[in-house]
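Student: This structure is in structure tokens; I'll ask about it shortly.
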Protein chains: 2
Amino acid sequence: MLTIGRLAAYAGVTVRAVHFYHQKGLLPEPQRDSSGYRRYDAAAVVELIRIRTLADAGVPLSRVRELLSARPAEFSAAVDEIDRRLRAEIRERQGHRRRIAQLAAGDSLALPPEAVAYLGRLRELGFPDRMIELERDAWILVAAQVPEQMPTLMALKRAQLDSPAVIDIYDQLLAAVEWEPDDPRLPALADRLAAFIDATSADWDTADPEFELDDDLVDLLDSVFLDLVPMARRLLVLLEERGWRGWTRLERVTGPR
Amino acid sequence: MLTIGRLAAYAGVTVRAVHFYHQKGLLPEPQRDSSGYRRYDAAAVVELIRIRTLADAGVPLSRVRELLSARPAEFSAAVDEIDRRLRAEIRERQGHRRRIAQLAAGDSLALPPEAVAYLGRLRELGFPDRMIELERDAWILVAAQVPEQMPTLMALKRAQLDSPAVIDIYDQLLAAVEWEPDDPRLPALADRLAAFIDATSADWDTADPEFELDDDLVDLLDSVFLDLVPMARRLLVLLEERGWRGWTRLERVTGPR
DNA sequence: CTTGACCCTGACGCTACGTCAGGCAGGCAC
DNA sequence: GTGCCTGCCTGACGTAGCGTCAGGGTCAAG
């Protein structure tokens with residue numbers, strides 16, 4: 001007759017594990033002695049070892065009972081299923097390893113390499129961190145909603161950076177990022193911005209993929225600008241007076257005036 | 001301003017997950033509107049996406065917060081550790097796959113292939129299932145305690161099966177497995193058994209590895225016999241009268257008589 | 001008689017949420 | 001105004017497999 005501690009030691013498990021198996025009905029409760037201690041026979045050791053053998057092979061405890069008494073056909077069917085689960089779990093971790101390696105390699109989270117490269121180019125051009133973070137956040141949102149469009153979009157953006165006119169406008173905008181809404185220089189900035197948009201808008205209208213962005217996403221990107229840049233709302237008002245509404249997606253104002 | 005449902009949709013998570021991140025302090029609680037609803041800005045979407053990016057790479061939520069604000073050196077150290085954990089988990093599942101494949105191939109749980117082969121041989125020789133299960137249980141116990149001795153022990157046992165005298169004794173024993181303790185044929189069986197032991201004991205004493213079995217294990221194996229065979233205790237008494245004490249490990253009775 | 005090792009039950013902790021349950025809020029149709 | 005649908009709120013339990021107290025009783029040895 002064995003105490004629970006000796007039973008557990010023979011099977012190489014803890015006493016707590018044996019209690020747990022009793023609670024789950026995996027191992028039947030044995031007789032108790034006069035003081036309430038559980039008393040086991042050798043067959044319990046065998047049964048416990050058989051349980052652990054299955055558990056050590058990755059069988060969930062909830063299925064151990066049925067497998068212990070399964071006939072070969074059921075057994076091998078169950079084994080197939082468990083092996084499939086194990087393979088899936090392995091693939092999952094392998095995917096995790098790949099992704100975390102990418103995170104360790106790139107310098108930014110949640111962005112594809114093209115976007116990281118684009119942000120790096122902005123940094124090379126001397127744009128300040130504040131604005132780069134703004135860009136980063138916007139692109140994180142875009143990448144999350146339409147990842148498949150990212151290569152196209154980034155190629156477009158990088159091409160724009162080759163144009164001195166674009167660089168010039170970026171420079172002016174970044175200088176204004178910290179301005180208050182009532183800054184007297186804002187109307188002049190709006191003038192130059194509108195002129196730039198007027199001059200280049202012809203290029204965009206021709207099936208630009210950015211125009212396929214979802215309405216919700218456009219709103220969201222606008223709100224990044226509105227939330228993080230103090231003068232944003234004022235600038236949009238000024239732009240609208242000059243014939244352009246919106247920010248992420250610009251639309252010509254029609255109607256009176 | 002976004003409701004929690006739209007926030008969750010943008011980041012590709014459930015509302016419940018956002019609640020959970022709030023509860024864990026991973027994502028700060030935003031302002032509430034007049035009716036108590038949470039109201040989020042676009043920055044919250046970005047933050048949530050960054051959280052999911054790490055979580056999707058296998059980073060435990062408890063470490064996400066520190067990693068989001070980690071400098072590159074800390075970040076890569078943490079990534080190394082997480083990758084080690086992932087590798088360990090993959091190795092663990094691969095071990096599970098190997099073991100469960102072995103279980104599917106062999107016909108018995110918790111036994112090495114030599115033991116399975118030995119039991120198969122017993123079955124070939126026509127021994128009944130009852131006795132084979134007894135043997136199986138005993139060997140499961142031995143394999144669990146001293147797995148490294150199993151090849152040697154099994155080789156010894158298989159060699160014994162080549163001896164007609166051993167087979168004969170096995171046959172007689174198995175025929176007696178179901179006898180009651182008061183069966184009149186028992187003394188005669190004990191006579192033949194003692195004679196067999198007397199005749200072969202000389203071979204064993206010479207450094208048989210089975211004699212290295214732990215005292216506790218010997219007791220345990222004896223109790224398998226005692227628990228499962230009705231006439232076991234009586235047979236041991238009869239054997240002791242004939243000069244041999246024990247079962248798993250036999251010892252010559254010394255002293256008076 | 002004390003001490004240390006062992007046994008008992010009950011309960012909380014861990015991971016990352018899913019899934020009710022019960023109730024309020026907002027907007028639309030009638 | 002009223003009913004309905006959807007969305008939001010909080011709180012609580014369930015998952016897997018035990019580990020780890022907490023607060024007690026028991027057993028064998030010194």
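Identifiers for the structure tokens are assigned positionally: chains receive A, B, ... in sequence, residues are indexed from 1 per chain, and ligands are indexed from 1 in the order shown.
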I'd like the neighbourhood of stretch 187-204 of chain A as a short mmCIF file (atom, residue, chain, number, x, y, z; two decimals) with N, CA and C atoms, in the first residue's frame, where a residue qualifies if any of its atoms comes within 10 Å (using only C-alpha atoms (C1' of nucleotides)), though same-chain residues fewer than 5 positions away should be ignored.

Tutor:
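out-v9.cif, written as the output of this step:
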```
data_model
loop_
_atom_site.label_atom_id
_atom_site.label_comp_id
_atom_site.auth_asym_id
_atom_site.auth_seq_id
_atom_site.Cartn_x
_atom_site.Cartn_y
_atom_site.Cartn_z
N ALA A 165 9.94 70.41 -56.20
CA ALA A 165 8.74 71.14 -55.80
C ALA A 165 8.09 70.46 -54.60
N VAL A 166 8.03 69.15 -54.63
CA VAL A 166 7.44 68.41 -53.52
C VAL A 166 8.26 68.61 -52.25
N ILE A 169 7.55 71.92 -50.72
CA ILE A 169 6.27 71.96 -50.00
C ILE A 169 6.38 71.23 -48.66
N TYR A 170 7.03 70.08 -48.66
CA TYR A 170 7.24 69.33 -47.42
C TYR A 170 8.00 70.19 -46.42
N GLN A 172 8.11 73.37 -46.17
CA GLN A 172 7.27 74.44 -45.65
C GLN A 172 6.27 73.90 -44.63
N LEU A 173 5.72 72.74 -44.94
CA LEU A 173 4.74 72.15 -44.02
C LEU A 173 5.38 71.77 -42.68
N ALA A 176 5.81 74.39 -40.30
CA ALA A 176 4.56 74.90 -39.74
C ALA A 176 3.91 73.95 -38.75
N ASP A 182 -3.72 80.41 -34.82
CA ASP A 182 -3.88 81.81 -35.21
C ASP A 182 -2.59 82.42 -35.72
N PRO A 209 -3.88 54.96 -57.59
CA PRO A 209 -4.41 53.93 -56.68
C PRO A 209 -4.72 54.47 -55.28
N GLU A 210 -4.07 55.55 -54.90
CA GLU A 210 -4.35 56.09 -53.58
C GLU A 210 -5.81 56.51 -53.48
N PHE A 211 -6.39 56.82 -54.62
CA PHE A 211 -7.79 57.24 -54.62
C PHE A 211 -8.74 56.09 -54.35
N ARG A 234 -7.43 74.81 -38.89
CA ARG A 234 -7.41 76.14 -39.52
C ARG A 234 -6.90 76.07 -40.96
N LEU A 235 -5.85 75.26 -41.14
CA LEU A 235 -5.26 75.15 -42.48
C LEU A 235 -6.27 74.56 -43.46
N LEU A 236 -7.05 73.57 -43.00
CA LEU A 236 -8.04 72.97 -43.89
C LEU A 236 -9.10 74.00 -44.28
N VAL A 237 -9.48 74.86 -43.32
CA VAL A 237 -10.46 75.91 -43.64
C VAL A 237 -9.90 76.85 -44.71
N LEU A 238 -8.65 77.23 -44.49
CA LEU A 238 -8.01 78.15 -45.45
C LEU A 238 -7.91 77.51 -46.84
N LEU A 239 -7.58 76.23 -46.85
CA LEU A 239 -7.46 75.53 -48.13
C LEU A 239 -8.81 75.46 -48.83
N GLU A 240 -9.85 75.25 -48.03
CA GLU A 240 -11.17 75.13 -48.63
C GLU A 240 -11.59 76.46 -49.27
N GLU A 241 -11.20 77.57 -48.61
CA GLU A 241 -11.48 78.88 -49.20
C GLU A 241 -10.75 79.03 -50.54
N ARG A 242 -9.67 78.26 -50.70
CA ARG A 242 -8.87 78.36 -51.92
C ARG A 242 -9.22 77.25 -52.94
N GLY A 243 -10.34 76.56 -52.65
CA GLY A 243 -10.84 75.64 -53.68
C GLY A 243 -10.56 74.17 -53.46
N TRP A 244 -9.98 73.81 -52.29
CA TRP A 244 -9.70 72.39 -52.07
C TRP A 244 -10.20 71.94 -50.71
N LEU A 250 -7.90 65.02 -51.54
CA LEU A 250 -8.32 66.39 -51.86
C LEU A 250 -9.39 66.39 -52.93
N GLU A 251 -10.39 67.22 -52.70
CA GLU A 251 -11.44 67.33 -53.71
C GLU A 251 -11.68 68.81 -54.01
N ARG A 252 -11.86 69.08 -55.26
CA ARG A 252 -12.07 70.47 -55.64
C ARG A 252 -13.45 70.92 -55.16
#
```

Student: Between chain D and chain B, at 12 Å or less, what are the per-residue closest atom pairs and their distances in Å? Count only C-alpha atoms (C1' of nucleotides), order by chain and rising residue number, and return it as a Markdown table.

Tutor:
```
| residue | atom | partner | partner_atom | distance |
| --- | --- | --- | --- | --- |
| D:DT6 | C1' | B:Gly5 | CA | 11.3 |
| D:DG7 | C1' | B:Gly5 | CA | 7.9 |
| D:DC8 | C1' | B:Tyr37 | CA | 6.4 |
| D:DC9 | C1' | B:Tyr37 | CA | 7.5 |
| D:DT10 | C1' | B:His19 | CA | 10.7 |
```

Student: Hey, what does DSSP flag as alpha helix (DSSP H) within stretch 22-217 of chain B? Can you give it to me as an MDAnalysis selection string?

Tutor: chainID B and resid 22:23 42:56 61:68 72:105 113:124 129:145 150:160 164:176 186:204 215:217

Student: With 8 Å as the limit and counting only C-alpha atoms, what residues in chain A lie close to chain B? Please list them as a ChimeraX atom specification.

Tutor: /A:10-11,41-43,45-46,49-50,53-54,56-58,75-76,79,83,86-87,89-90,93-101,104,109-110,137,140-141,144-145,220-221,223-224,227

Student: Using only C-alpha atoms (C1' of nucleotides), find the residues of chain C whose closest atom to chain A is at most 9 Å away, then write them as a list of chain:residue names.

Tutor: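 Taking only C-alpha atoms (C1' of nucleotides) into account, C:DC6, C:DC7, C:DC8 sit within 9 Å of chain A.
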
Student: Quick one, how far is atom CA of A:Glu114 from atom CA of A:Val142?

Tutor: 12.8 Å

Student: List the neighbours of B:Val177 out to 8 Å using only C-alpha atoms (C1' of nucleotides); skip same-chain residues closer than 5 positions along the sequence, and give me the result as number ranges by chain.

Tutor: B: 131, 229-231

Student: Create the file for the chosen residues now, containing C-alpha atoms and written as a compact mmCIF listing (two decimals), in the first residue's frame.

Tutor:
```txt
# COMPACT_ATOMS: atom_id res chain seq x y z
CA MET B 131 -1.02 -13.15 -17.84
CA VAL B 229 -3.45 -13.00 -8.57
CA PRO B 230 -5.82 -14.49 -5.97
CA MET B 231 -3.62 -17.36 -4.88
```

Student: Please provide the set of residues having any atom within 12 Å of C:DC28, restricted to only C-alpha atoms (C1' of nucleotides), with same-chain residues fewer than 5 positions apart removed, written as an NGL selection string.

Tutor: :D and (2-6)

Student: Could you write those residues out with C-alpha atoms (C1' of nucleotides), as a PDB file, in the first residue's frame?

Tutor:
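As written to disk, again_29.pdb reads:
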```
ATOM      1  C1'  DT D   2     -43.026  53.222 -28.976  1.00  0.00           C
ATOM      2  C1'  DG D   3     -40.827  49.189 -30.446  1.00  0.00           C
ATOM      3  C1'  DC D   4     -36.695  47.159 -32.324  1.00  0.00           C
ATOM      4  C1'  DC D   5     -31.925  46.505 -33.460  1.00  0.00           C
ATOM      5  C1'  DT D   6     -27.341  47.327 -32.610  1.00  0.00           C
TER       6       DT D   6
END
```

Student: Which neighbours of D:DT15 fall inside 12 Å, counting only C-alpha atoms (C1' of nucleotides), when residues of the same chain fewer than 3 positions from it are skipped, and could you give them as a list in words?

Tutor: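 The residues that qualify are Ser62 of chain A; DC14, DT15, DA16, DC17, DG18 and DT19 of chain C.
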
Student: Limited to C-alpha atoms (C1' of nucleotides), could you put the picked residues into a file as a CSV table (one decimal), in the first residue's frame?

Tutor:
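Contents of again_37.csv, as written:
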```csv
chain,number,residue,atom,x,y,z
A,62,SER,CA,-9.2,15.7,-21.6
C,14,DC,C1',-1.0,32.1,-14.6
C,15,DT,C1',-2.3,33.3,-20.5
C,16,DA,C1',-5.3,35.7,-23.6
C,17,DC,C1',-9.0,36.3,-24.2
C,18,DG,C1',-14.4,33.9,-25.5
C,19,DT,C1',-18.8,33.9,-23.9
```

Student: How many Å separate atom CA of B:Pro128 from atom CA of B:Leu174?

Tutor: 7.6 Å

Student: If you count only C-alpha atoms (C1' of nucleotides), which residues fall within 12 Å of C:DA21, apart from same-chain ones fewer than 5 positions away, as a list in words?

Tutor: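 The residues that qualify are DT10, DG11, DA12 and DC13 of chain D.
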
Student: Could you dump the residues just selected with N, CA and C atoms (P, O5', C5', C4', C3', O3' and C1' of nucleotides) as a tab-separated table (two decimals), in the first residue's frame?

Tutor:
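again-v8.tsv was written with the following content:
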```tsv
chain	number	residue	atom	x	y	z
D	10	DT	P	-16.99	49.84	-18.41
D	10	DT	O5'	-17.62	48.87	-17.31
D	10	DT	C5'	-18.50	49.40	-16.33
D	10	DT	C4'	-19.09	48.27	-15.51
D	10	DT	C3'	-18.04	47.37	-14.85
D	10	DT	O3'	-18.31	47.27	-13.47
D	10	DT	C1'	-19.57	46.05	-16.13
D	11	DG	P	-17.23	46.54	-12.53
D	11	DG	O5'	-17.80	45.06	-12.47
D	11	DG	C5'	-19.21	44.85	-12.45
D	11	DG	C4'	-19.50	43.37	-12.37
D	11	DG	C3'	-18.35	42.54	-11.79
D	11	DG	O3'	-18.88	41.57	-10.90
D	11	DG	C1'	-18.92	41.74	-13.94
D	12	DA	P	-17.90	40.63	-10.05
D	12	DA	O5'	-18.13	39.21	-10.73
D	12	DA	C5'	-19.44	38.86	-11.17
D	12	DA	C4'	-19.36	37.56	-11.95
D	12	DA	C3'	-18.19	36.66	-11.49
D	12	DA	O3'	-18.65	35.32	-11.44
D	12	DA	C1'	-18.05	37.04	-13.79
D	13	DC	P	-17.81	34.23	-10.68
D	13	DC	O5'	-17.86	32.97	-11.65
D	13	DC	C5'	-19.06	32.69	-12.37
D	13	DC	C4'	-18.71	32.01	-13.67
D	13	DC	C3'	-17.63	30.91	-13.49
D	13	DC	O3'	-18.09	29.74	-14.17
D	13	DC	C1'	-17.03	32.39	-15.22
```

Student: Rounded to one decimal place, report the atom CA of A:Ala115-atom CA of A:Pro151 distance in Å.

Tutor: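 Atom CA of A:Ala115 sits 8.3 Å away from atom CA of A:Pro151.
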